[in-house]
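A.B. asks: Please see the structure below; I have some questions.
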Number of protein chains: 2
Amino acid sequence: MSTIEMIEAAAERLKGHGRETPVLTSPFLDEIAGCRVLVKPECLQHTGSFKFRGAWSAISALSDEDRQRGVIAYSSGNHAQGVALAASKHGIASVIIMPSDAPQLKIDNTKALGGEVVLYDRATESREEIGEALATERGLTLIRPYDEPQVIAGQGTTGLEIAHQAATMGVTEADVLVCCGGGGLTSGIALALEKHAPGLRARPCEPEGFDDVKRSLATGQIQNNNAASGNICDAILTPQPGKITFPILHRLCGPGLSVTEEEALRAMAQAFLRLKIVLEPGGAVALASALFRNDDINGDAVIVVASGGNVDPEVFSRALEFLT
Amino acid sequence: MSTIEMIEAAAERLKGHGRETPVLTSPFLDEIAGCRVLVKPECLQHTGSFKFRGAWSAISALSDEDRQRGVIAYSSGNHAQGVALAASKHGIASVIIMPSDAPQLKIDNTKALGGEVVLYDRATESREEIGEALATERGLTLIRPYDEPQVIAGQGTTGLEIAHQAATMGVTEADVLVCCGGGGLTSGIALALEKHAPGLRARPCEPEGFDDVKRSLATGQIQNNNAASGNICDAILTPQPGKITFPILHRLCGPGLSVTEEEALRAMAQAFLRLKIVLEPGGAVALASALFRNDDINGDAVIVVASGGNVDPEVFSRALEFLT
């Protein structure tokens with residue numbers, strides 16, 4: 001279970017190591033959305049996504065003995081880079097299990113950040129078996145991407161910053177739109193807001209067709225996605241909400257929102273043009289919801305968590321075509 | 001004359017109106033440069049460049065009576081947008097004289113930010129004559145882009161933030177590379193560092209072929225550029241250093257640096273890939289100097305001011321091609 005006390009403790013451990021991201025605004029985005037839009041750009045976090053927060057929180061919470069033996073993670077994306085860098089900065093080993101068909105850039109980045117990359121063949125091998133064998137042999141601790149209390153606590157530090165920054169800007173009642181995969185970031189933020197900004201309400205944002213969290217919230221039961229891939233928002237495609245995250249989301253969040261791939265790309269283009277930040281499609285669904293789902297959002301301000309910016313140049317150039 | 005007291009006073013007036021930009025880092029950039037690279041992304045400032053600081057400083061320093069009559073500026077670029085927004089936020093009128101062949105997007109942006117755009121024909125009309133007639137008729141105050149003490153003071157607030165942020169990160173001796181046109185930003189930063197971080201030294205960065213400041217510093221006399229245009233770094237092409245800025249630059253700055261257009265584009269690509277920020281070519285020359293002129297930079301850390309991000313999608317896509 002994750003608690004607000006764990007989030008506050010994670011914030012203490014992150015001090016001087018994580019980056020407090022700013023809040024960005026643009027009158028042009030306000031115009032499109034029809035209300036004030038406050039954007040929290042977690043793409044500016046170390047490794048280009050919020051994932052560094054959770055990875056640092058989890059690794060720094062281990063006992064010295066466990067930590068010294070190292071950590072292991074399964075990921076082809078942002079969590080991999082977050083764990084690799086957080087481990088390096090702690091001076092410990094990290095093993096990242098990645099599919100052999102992962103983009104070479106992501107493999108190279110993970111290695112360059114200090115991760116020991118172990119590749120497996122998706123078709124013939126089980127990453128869990130490989131991981132468990134390595135973990136047992138070397139005594140590594142598994143860092144799960146979202147269903148892990150200390151990871152949720154780390155992501156929740158984003159919510160502490162939002163509570164403080166929004167208050168400074170005079171915003172005390174608003175929806176906080178969060179790009180949502182397994183729900184680690186959304187649930188952590190929801191817990192932080194519950195105590196520190198009770199007038200702010202987290203709402204998960206997803207790609208259409210992969211709106212498992214939205215449907216789970218609507219029905220009160222965990223729902224699955226039909227497909228595991230096949231959407232440009234790859235960073236936030238998860239089969240279903242987590243077992244730990246869902247009860248938190250269900251208790252605290254407002255209704256989910258979903259957007260099309262084109263809307264995600266259009267939001268990336270607006271973030272480029274108006275905020276001068278780089279978003280990946282999965283990191284842009286919350287901004288897309290603010291800009292293009294304004295009928296579903298009440299209030300004269302909305303807060304957007306732009307969760308990551310690890311995007312290939314080709315995909316980014318596609319988004320920019322919406323400006324010409 | 002601009003003084004440190006004016007910069008400190010400008011910082012007070014900017015409080016709650018300007019944005020304190022963060023400092024970004026990436027181990028990948030450190031690797032290329034061969035030392036720690038601290039990037040101050042002024043592209044994240046209101047209107048996408050540091051120019052908002054100087055515009056706000058100048059407008060807020062006017063007497064109530066002068067301010068109420070409104071302001072005027074000549075610019076087709078970042079200064080125009082900074083003045084328009086700073087004027088709107090003060091609730092006063094701004095007239096921006098722009099060439100009729102300026103990009104439609106920049107004209108539209110300036111209008112949308114509240115500026116009254118007056119177009120002139122570069123071939124047949126004089127913007128000074130048009131401007132002076134309007135200024136006299138309506139009692140408008142001219143806000144010069146750099147050779148204006150209160151504008152320099154506003155840009156200098158960037159230096160106050162750098163002094164504080166660098167000290168927090170343990171960097172007290174380093175070169176501070178600044179994208180330099182007329183020298184308003186560079187001279188303001190140099191003045192701020194002189195008092196608040198004497199171990200940090202400002203160095204102007206320019207495009208090759210338009211290195212008037214570098215040559216002026218080397219000779220001790222104001223030098224001109226041969227051409228007025230013809231370089232992708234349009235935001236920082238000025239005929240010569242300012243009459244007010246040059247004596248400050250000469251007294252306080254280290255030697256200038258210059259980079260090629262391709263190096264500026266490559267730095268934009270690295271800023272996209274590693275920092276998740278959008279830079280325009282003229283806003284990337286300092287980062288390019290850090291990455292590609294490391295033989296000319298001493299010390300184990302370098303600070304880079306990434307001054308703006310107002311770039312057309314086509315030019316940005318060109319920069320991204322260096323990644324593929």
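Note on naming: chains are A, B, ... as they come in the structure tokens, residues start from 1 per chain, ligands start from 1 in the order shown.
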Could you tell me which residues of chain A sit within 7 Å of chain B when counting only C-alpha atoms, and give me the result as a compact mmCIF listing (two decimals) with all heavy atoms, in the first residue's frame?
C.D. replies:
```txt
# COMPACT_ATOMS: atom_id res chain seq x y z
N CYS A 43 8.67 15.75 -19.15
CA CYS A 43 9.67 15.43 -20.16
C CYS A 43 11.01 16.06 -19.81
O CYS A 43 12.05 15.60 -20.28
CB CYS A 43 9.21 15.91 -21.53
SG CYS A 43 8.74 17.65 -21.57
N LEU A 44 10.98 17.09 -18.96
CA LEU A 44 12.23 17.74 -18.55
C LEU A 44 12.89 17.05 -17.36
O LEU A 44 13.96 17.46 -16.91
CB LEU A 44 11.97 19.22 -18.21
CG LEU A 44 11.33 20.06 -19.32
CD1 LEU A 44 11.13 21.50 -18.84
CD2 LEU A 44 12.19 20.06 -20.58
N GLY A 48 14.15 12.09 -19.40
CA GLY A 48 13.06 12.48 -20.28
C GLY A 48 11.68 12.01 -19.89
O GLY A 48 10.75 12.11 -20.69
N PHE A 272 5.23 21.86 -29.02
CA PHE A 272 6.40 22.37 -29.74
C PHE A 272 6.27 23.87 -29.99
O PHE A 272 7.16 24.66 -29.70
CB PHE A 272 6.53 21.62 -31.07
CG PHE A 272 7.37 22.31 -32.12
CD1 PHE A 272 8.74 22.11 -32.17
CD2 PHE A 272 6.78 23.15 -33.06
CE1 PHE A 272 9.53 22.75 -33.13
CE2 PHE A 272 7.55 23.80 -34.03
CZ PHE A 272 8.93 23.60 -34.05
N LEU A 275 4.96 25.84 -26.18
CA LEU A 275 5.68 25.65 -24.91
C LEU A 275 7.16 25.37 -25.12
O LEU A 275 7.94 25.41 -24.17
CB LEU A 275 5.05 24.50 -24.12
CG LEU A 275 3.57 24.66 -23.77
CD1 LEU A 275 3.07 23.39 -23.07
CD2 LEU A 275 3.34 25.89 -22.90
N LYS A 276 7.54 25.03 -26.36
CA LYS A 276 8.95 24.73 -26.69
C LYS A 276 9.46 23.50 -25.95
O LYS A 276 10.61 23.44 -25.52
CB LYS A 276 9.85 25.94 -26.39
CG LYS A 276 9.34 27.25 -26.94
CD LYS A 276 9.06 27.20 -28.42
CE LYS A 276 8.38 28.48 -28.89
NZ LYS A 276 7.93 28.34 -30.31
N ILE A 277 8.55 22.55 -25.75
CA ILE A 277 8.96 21.27 -25.17
C ILE A 277 8.67 20.13 -26.13
O ILE A 277 7.82 20.25 -27.01
CB ILE A 277 8.26 20.97 -23.82
CG1 ILE A 277 6.73 20.98 -23.98
CG2 ILE A 277 8.71 21.97 -22.76
CD1 ILE A 277 5.98 20.51 -22.74
N VAL A 278 9.41 19.04 -25.94
CA VAL A 278 9.28 17.85 -26.78
C VAL A 278 8.47 16.80 -26.01
O VAL A 278 8.88 16.38 -24.93
CB VAL A 278 10.68 17.29 -27.12
CG1 VAL A 278 10.56 15.98 -27.89
CG2 VAL A 278 11.49 18.32 -27.90
N GLY A 309 9.01 12.62 -22.99
CA GLY A 309 9.39 13.18 -24.28
C GLY A 309 10.34 12.30 -25.09
O GLY A 309 11.02 12.79 -25.98
N PRO A 313 12.72 10.91 -33.86
CA PRO A 313 12.61 12.10 -34.72
C PRO A 313 11.55 11.95 -35.80
O PRO A 313 10.85 12.92 -36.13
CB PRO A 313 14.00 12.24 -35.33
CG PRO A 313 14.91 11.44 -34.48
CD PRO A 313 14.10 10.42 -33.76
N SER A 317 8.53 14.53 -36.35
CA SER A 317 8.33 15.26 -37.60
C SER A 317 6.91 15.05 -38.13
O SER A 317 6.32 15.96 -38.71
CB SER A 317 9.37 14.82 -38.65
OG SER A 317 10.65 15.28 -38.28
N LEU A 320 4.75 17.47 -36.41
CA LEU A 320 4.93 18.86 -36.86
C LEU A 320 4.19 19.13 -38.16
O LEU A 320 3.89 20.29 -38.47
CB LEU A 320 6.43 19.16 -37.04
CG LEU A 320 7.28 19.14 -35.77
CD1 LEU A 320 8.67 19.67 -36.06
CD2 LEU A 320 6.62 19.94 -34.65
```
A.B. asks: Using only C-alpha atoms for the distances, tell me which of B:Glu128, B:Glu12, B:Glu263, B:Asp147 is nearest to Pro241 of chain B.
C.D. replies: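 Of B:Glu128, B:Glu12, B:Glu263, B:Asp147, the one nearest Pro241 of chain B is B:Asp147, counting only C-alpha atoms.
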A.B. asks: If we count only C-alpha atoms and set the cut-off at 9 Å, which residues sit around segment 134-143 of chain A, ignoring sequence neighbours fewer than 4 positions away in its own chain? Please answer as a ChimeraX atom specification.
C.D. replies: /A:55,58-59,62,66-74,83,93-95,129-130,148,151
A.B. asks: Which is closer to Leu200 of chain A than all the others in A:Ala267, A:Val302, A:Leu38, A:Ala153, using only C-alpha atoms?
C.D. replies: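 The shortest atom-to-atom distance to Leu200 of chain A comes from A:Val302.
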A.B. asks: Write out as a PyMOL selection string each polymer residue whose atoms come within 9 Å of Cys179 of chain A, counting only C-alpha atoms; drop sequence neighbours fewer than 3 positions from it.
C.D. replies: chain A and resi 183+185-186+203-206+236+282-287+304-307
A.B. asks: As an exercise, work out the distance from atom CA of Met98 of chain A to atom CA of Ala123 of chain A in Å and give it to one decimal place.
C.D. replies: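 Interatomic distance, atom CA of Met98 of chain A to atom CA of Ala123 of chain A: 12.9 Å.
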